[in-house]
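What follows is one structure encoded as C-alpha coordinates, with my remarks underneath.
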Amino acid sequence: MSFNWIDLLRVAADLLKKSGEEYYRSSINRAYYGVFGKTRQRLKTEEKKIFQPPNVHKQVIDYFKKNNDNLYRQIGYDLDRLRKERVKADYKDDIIIKRDTALKVHTWAEKLKTDLAAI
(Lines give C-alpha, C1' and ligand atoms only; values in the text may rest on other atoms or scores of the structure.)
Protein backbone atom coordinates (compact mmCIF):
# COMPACT_ATOMS: atom_id res chain seq x y z
CA MET A 1 0.00 0.00 0.00
CA SER A 2 1.30 3.44 -0.86
CA PHE A 3 1.67 6.36 1.50
CA ASN A 4 -1.50 8.36 2.15
CA TRP A 5 -0.27 11.88 1.46
CA ILE A 6 -3.47 13.49 2.65
CA ASP A 7 -2.56 12.43 6.22
CA LEU A 8 -0.09 15.31 6.14
CA LEU A 9 -3.09 17.65 6.48
CA ARG A 10 -3.62 16.23 9.96
CA VAL A 11 0.03 16.93 10.74
CA ALA A 12 -0.46 20.48 9.43
CA ALA A 13 -3.48 20.92 11.71
CA ASP A 14 -1.53 19.58 14.70
CA LEU A 15 1.24 22.09 14.04
CA LEU A 16 -1.33 24.90 14.11
CA LYS A 17 -2.15 24.00 17.72
CA LYS A 18 1.30 25.23 18.72
CA SER A 19 2.43 28.83 18.92
CA GLY A 20 5.40 30.09 16.97
CA GLU A 21 6.43 30.99 13.46
CA GLU A 22 8.38 27.76 13.02
CA TYR A 23 5.15 25.80 13.51
CA TYR A 24 3.21 28.02 11.11
CA ARG A 25 5.87 27.65 8.42
CA SER A 26 5.98 23.89 8.92
CA SER A 27 2.18 23.68 8.81
CA ILE A 28 2.09 25.45 5.46
CA ASN A 29 4.74 23.07 4.14
CA ARG A 30 2.89 19.97 5.32
CA ALA A 31 -0.47 21.24 3.99
CA TYR A 32 1.00 21.85 0.55
CA TYR A 33 2.87 18.56 0.34
CA GLY A 34 -0.16 16.64 1.59
CA VAL A 35 -2.35 17.96 -1.21
CA PHE A 36 0.40 17.96 -3.83
CA GLY A 37 1.37 14.37 -3.02
CA LYS A 38 -2.26 13.25 -3.19
CA THR A 39 -2.72 15.07 -6.50
CA ARG A 40 0.37 13.51 -8.04
CA GLN A 41 -0.57 10.07 -6.69
CA ARG A 42 -4.07 10.39 -8.13
CA LEU A 43 -2.71 11.30 -11.55
CA LYS A 44 -0.40 8.31 -11.45
CA THR A 45 -2.96 5.73 -10.35
CA GLU A 46 -6.16 6.93 -11.98
CA GLU A 47 -5.02 8.78 -15.08
CA LYS A 48 -1.74 6.95 -15.69
CA LYS A 49 0.14 10.28 -15.81
CA ILE A 50 3.62 10.18 -14.34
CA PHE A 51 5.61 13.34 -13.83
CA GLN A 52 9.30 13.24 -12.96
CA PRO A 53 11.79 15.81 -11.71
CA PRO A 54 12.90 18.36 -12.52
CA ASN A 55 9.92 20.70 -12.34
CA VAL A 56 7.45 18.04 -11.19
CA HIS A 57 5.44 20.64 -9.25
CA LYS A 58 5.06 22.86 -12.31
CA GLN A 59 4.21 19.88 -14.52
CA VAL A 60 1.42 18.70 -12.22
CA ILE A 61 0.02 22.20 -11.74
CA ASP A 62 0.15 22.96 -15.46
CA TYR A 63 -1.56 19.65 -16.29
CA PHE A 64 -4.55 20.82 -14.26
CA LYS A 65 -4.45 24.45 -15.41
CA LYS A 66 -4.48 23.42 -19.08
CA ASN A 67 -7.34 20.94 -18.74
CA ASN A 68 -10.67 21.66 -20.44
CA ASP A 69 -12.63 20.80 -17.30
CA ASN A 70 -13.39 23.78 -15.04
CA LEU A 71 -12.81 21.88 -11.81
CA TYR A 72 -9.45 20.61 -13.05
CA ARG A 73 -8.41 24.15 -13.93
CA GLN A 74 -9.55 25.43 -10.55
CA ILE A 75 -7.54 22.71 -8.83
CA GLY A 76 -4.49 23.79 -10.85
CA TYR A 77 -4.84 27.43 -9.87
CA ASP A 78 -5.55 26.60 -6.23
CA LEU A 79 -2.60 24.23 -6.03
CA ASP A 80 -0.37 26.91 -7.55
CA ARG A 81 -1.60 29.45 -4.99
CA LEU A 82 -0.80 26.95 -2.24
CA ARG A 83 2.65 26.30 -3.74
CA LYS A 84 3.47 30.02 -3.70
CA GLU A 85 2.62 30.22 -0.01
CA ARG A 86 4.75 27.12 0.65
CA VAL A 87 7.70 28.71 -1.15
CA LYS A 88 7.36 31.83 1.01
CA ALA A 89 7.18 29.72 4.17
CA ASP A 90 10.16 27.60 3.17
CA TYR A 91 12.51 30.20 1.70
CA LYS A 92 11.54 33.77 2.60
CA ASP A 93 13.16 34.27 5.98
CA ASP A 94 12.84 38.04 5.65
CA ILE A 95 9.04 37.92 6.07
CA ILE A 96 7.02 36.97 9.13
CA ILE A 97 4.58 34.10 8.71
CA LYS A 98 1.65 34.52 11.06
CA ARG A 99 -0.88 32.01 12.31
CA ASP A 100 -3.62 33.61 10.19
CA THR A 101 -1.64 32.84 7.04
CA ALA A 102 -1.11 29.22 8.07
CA LEU A 103 -4.83 28.85 8.88
CA LYS A 104 -5.75 30.30 5.49
CA VAL A 105 -3.42 27.89 3.72
CA HIS A 106 -4.82 24.95 5.68
CA THR A 107 -8.36 25.95 4.67
CA TRP A 108 -7.29 26.09 1.00
CA ALA A 109 -5.67 22.65 1.33
CA GLU A 110 -8.85 21.16 2.81
CA LYS A 111 -10.85 22.61 -0.09
CA LEU A 112 -8.39 21.10 -2.56
CA LYS A 113 -8.76 17.74 -0.83
CA THR A 114 -12.52 17.97 -1.35
CA ASP A 115 -12.14 19.07 -4.97
CA LEU A 116 -9.75 16.20 -5.69
CA ALA A 117 -12.29 13.73 -4.33
CA ALA A 118 -14.88 15.17 -6.72
CA ILE A 119 -12.96 14.45 -9.92
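Please note that chains go A, B, ... in the order of the C-alpha coordinates, that every chain numbers its residues from 1, and that ligands are numbered from 1 in the order shown.
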
Those of chain A in DSSP helix (DSSP H, G or I), formatted as a ChimeraX atom specification: /A:5-16,21-46,56-65,70-91,99-118

All residues 10 Å or closer to segment 79-94 of chain A, only C-alpha atoms, same chain fewer than 5 positions away omitted, as a PyMOL selection string: chain A and resi 21-22+24-33+35-36+39+57-58+60-62+64-65+73-74+101-102+104-106+108-109+112

Near Ile6 of chain A, counting only C-alpha atoms, which residues have an atom at most 8 Å away, once you skip same-chain residues fewer than 5 positions from it, shown as a tab-separated table (two decimals) with N, CA and C atoms, in the first residue's frame?
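Output below, filename around.tsv:
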```
chain	number	residue	atom	x	y	z
A	34	GLY	N	0.93	17.60	1.46
A	34	GLY	CA	-0.16	16.64	1.59
A	34	GLY	C	-1.06	16.65	0.37
A	35	VAL	N	-1.45	17.84	-0.05
A	35	VAL	CA	-2.35	17.96	-1.21
A	35	VAL	C	-1.59	17.69	-2.51
A	37	GLY	N	1.09	15.81	-2.94
A	37	GLY	CA	1.37	14.37	-3.02
A	37	GLY	C	0.14	13.58	-3.41
A	38	LYS	N	-1.00	13.94	-2.84
A	38	LYS	CA	-2.26	13.25	-3.19
A	38	LYS	C	-2.62	13.50	-4.65
A	113	LYS	N	-8.51	19.16	-1.13
A	113	LYS	CA	-8.76	17.74	-0.83
A	113	LYS	C	-10.17	17.37	-1.26
```

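Candidate residues A:Ile119, A:Leu16, A:Leu43, A:Asp7 were compared for distance to Asn70 of chain A, and the nearest is A:Ile119, using only C-alpha atoms.
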
Gap from atom CA of Arg10 of chain A to atom CA of Lys44 of chain A - Å, one decimal: 23.1 Å

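Interatomic distance, atom CA of Ala13 of chain A to atom CA of Gln52 of chain A: 28.8 Å.
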
Pairwise distance for atom CA of Thr114 of chain A and atom CA of Tyr23 of chain A, rounded to one decimal in Å: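 Atom-to-atom, atom CA of Thr114 of chain A and atom CA of Tyr23 of chain A are spaced 24.4 Å apart.
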
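Restricting the calculation to only C-alpha atoms, the smallest distance between Ala118 of chain A and any of A:Asp14, A:Leu71, A:Asp100, A:Ile95 is found for A:Leu71.
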